[in-house]
Amino acid sequence: MQQLQPKRRSALRIFAGTQVYTVKRRLAWLFDGRRYASKQNTSPLPYLVHTHRTPLYRKLRDVDLEMQQNKVKNLNLAIQRLNGSIISPDEVLSYWKKIGRPTKRKGYVDGMVLHYGKVTSGIGGGLCQLSNLIYWITLHSPLTVTERYRHSYDVFPDSRRDQPFGSGATCSYNYLDLQITNQTDHAYQLLLYIEEDDLVGEWRSDTPNVVTYKIYEENHHFTKEWWGGTIRHNQIFREVNSLDGILLRNEFVTENHALTMYDPFLPENTAYKKNDS
């Protein structure tokens, strides 16, 4: 397991490292030989694969409502670049290649950003909600997640959580990317929109579903570390079932470890249990 003890890095080192990884990613987009999805068509394909919605506004301690309102502005801009994306067979959808760098010139504003476990603000803040949603609905599809980064910090206690801990995908332009590969023989379409106070995502296809998926966690626990911190752990799996409910197989998805920024042993903090998704 990766050592999660907090590391103190200077602002200069963080900046320099970010620039290096950003350039490496741009070079990869140009020369890695992958076919990146570029088509967009917002006319829905006929078959719904999976849909999910998440609330845009939450009661979060020490988070100004304006930051959440700004997040919605940022989400609207990113959705314009991603909505209707078509992934044909053997193509890769790159989250950041489609969105591009969030800048003031493009209309992005200061939104909530989690930086080394602390809540702060930054241009384009809040776009992790979008990458989390896309990752979650992709787990309920035949598409393959070929690049995803877990959240290194568990910042807020569970509150009305209906997904397993660690079932999201953090993002930071452009080196913490979410990449989804279509290893099937059919095209898939990503639809994204805001409906009232919810962010909604759908995967659709040109072929009907032949299986269903259920996402669940195992081995959820907290550990006290020798240096004084607490780490949250779990493993994510998915059941693949036939349309008539017969279990075909269980698949390992990922393993999560995150520094906990609150006291997880208070009575109100309860763990997520296996549930239908």
# chains A, B, ... in the order shown; residues from 1 in each chain; ligands from 1
$ residues_around --residues "Thr181 in chain A" --least-positions-apart "3" --cutoff "6 Å" --atoms "only C-alpha atoms" --output "MDAnalysis selection string"
chainID A and resid 91:92 144
$ select_by_dssp --residues "range 28-120 of chain A" --states "helix (DSSP H, G or I)" --output "list in words"
Ala28, Trp29, Leu30, Phe31, Leu65, Glu66, Met67, Gln68, Gln69, Asn70, Lys71, Val72, Lys73, Asn74, Leu75, Asn76, Leu77, Ala78, Ile79, Gln80, Arg81, Leu82, Tyr95, Trp96, Lys97, Lys98 and Ile99 of chain A
$ select_by_dssp --residues "range 90-177 of chain A" --states "strand (DSSP E)" --output "MDAnalysis selection string"
chainID A and resid 91:94 110:115 118:123 144:147 153:154
$ closest_residue --among "A:Leu12, A:Leu247, A:Leu191, A:Leu178" --to "Val145 in chain A" --atoms "only C-alpha atoms"
A:Leu178
$ closest_residue --among "A:Ser38, A:Thr120, A:Thr223, A:Ser141" --to "Glu202 in chain A" --atoms "only C-alpha atoms"
A:Ser141
$ residues_around --residues "range 151-155 of chain A" --least-positions-apart "3" --cutoff "7 Å" --atoms "only C-alpha atoms" --output "JSON, numbers by chain"
{"A": [117, 169, 170, 257, 258, 259, 260, 261, 262]}
$ write_last_selection --atoms "N, CA and C atoms" --output "PDB file, in the first residue's frame"
ATOM      1  N   GLY A 117      -5.941  17.948   1.259  1.00  0.00           N
ATOM      2  CA  GLY A 117      -6.843  17.703   2.372  1.00  0.00           C
ATOM      3  C   GLY A 117      -7.510  18.929   2.949  1.00  0.00           C
ATOM      4  N   ALA A 169     -13.727   9.654  -8.696  1.00  0.00           N
ATOM      5  CA  ALA A 169     -12.457   9.833  -9.410  1.00  0.00           C
ATOM      6  C   ALA A 169     -12.046  11.292  -9.284  1.00  0.00           C
ATOM      7  N   THR A 170     -10.944  11.547  -8.606  1.00  0.00           N
ATOM      8  CA  THR A 170     -10.479  12.915  -8.477  1.00  0.00           C
ATOM      9  C   THR A 170      -9.880  13.386  -9.802  1.00  0.00           C
ATOM     10  N   HIS A 257      -7.489   3.928  -0.290  1.00  0.00           N
ATOM     11  CA  HIS A 257      -6.886   4.291   0.995  1.00  0.00           C
ATOM     12  C   HIS A 257      -6.840   5.819   1.039  1.00  0.00           C
ATOM     13  N   ALA A 258      -7.393   6.410   2.075  1.00  0.00           N
ATOM     14  CA  ALA A 258      -7.463   7.875   2.128  1.00  0.00           C
ATOM     15  C   ALA A 258      -7.246   8.372   3.540  1.00  0.00           C
ATOM     16  N   LEU A 259      -6.503   9.460   3.656  1.00  0.00           N
ATOM     17  CA  LEU A 259      -6.312  10.124   4.944  1.00  0.00           C
ATOM     18  C   LEU A 259      -7.627  10.731   5.403  1.00  0.00           C
ATOM     19  N   THR A 260      -8.025  10.457   6.611  1.00  0.00           N
ATOM     20  CA  THR A 260      -9.290  10.936   7.145  1.00  0.00           C
ATOM     21  C   THR A 260      -9.076  12.264   7.863  1.00  0.00           C
ATOM     22  N   MET A 261      -9.845  13.289   7.454  1.00  0.00           N
ATOM     23  CA  MET A 261      -9.674  14.633   8.000  1.00  0.00           C
ATOM     24  C   MET A 261     -10.721  14.956   9.065  1.00  0.00           C
ATOM     25  N   TYR A 262     -11.332  13.938   9.663  1.00  0.00           N
ATOM     26  CA  TYR A 262     -12.303  14.105  10.739  1.00  0.00           C
ATOM     27  C   TYR A 262     -12.167  12.886  11.644  1.00  0.00           C
TER      28      TYR A 262
END
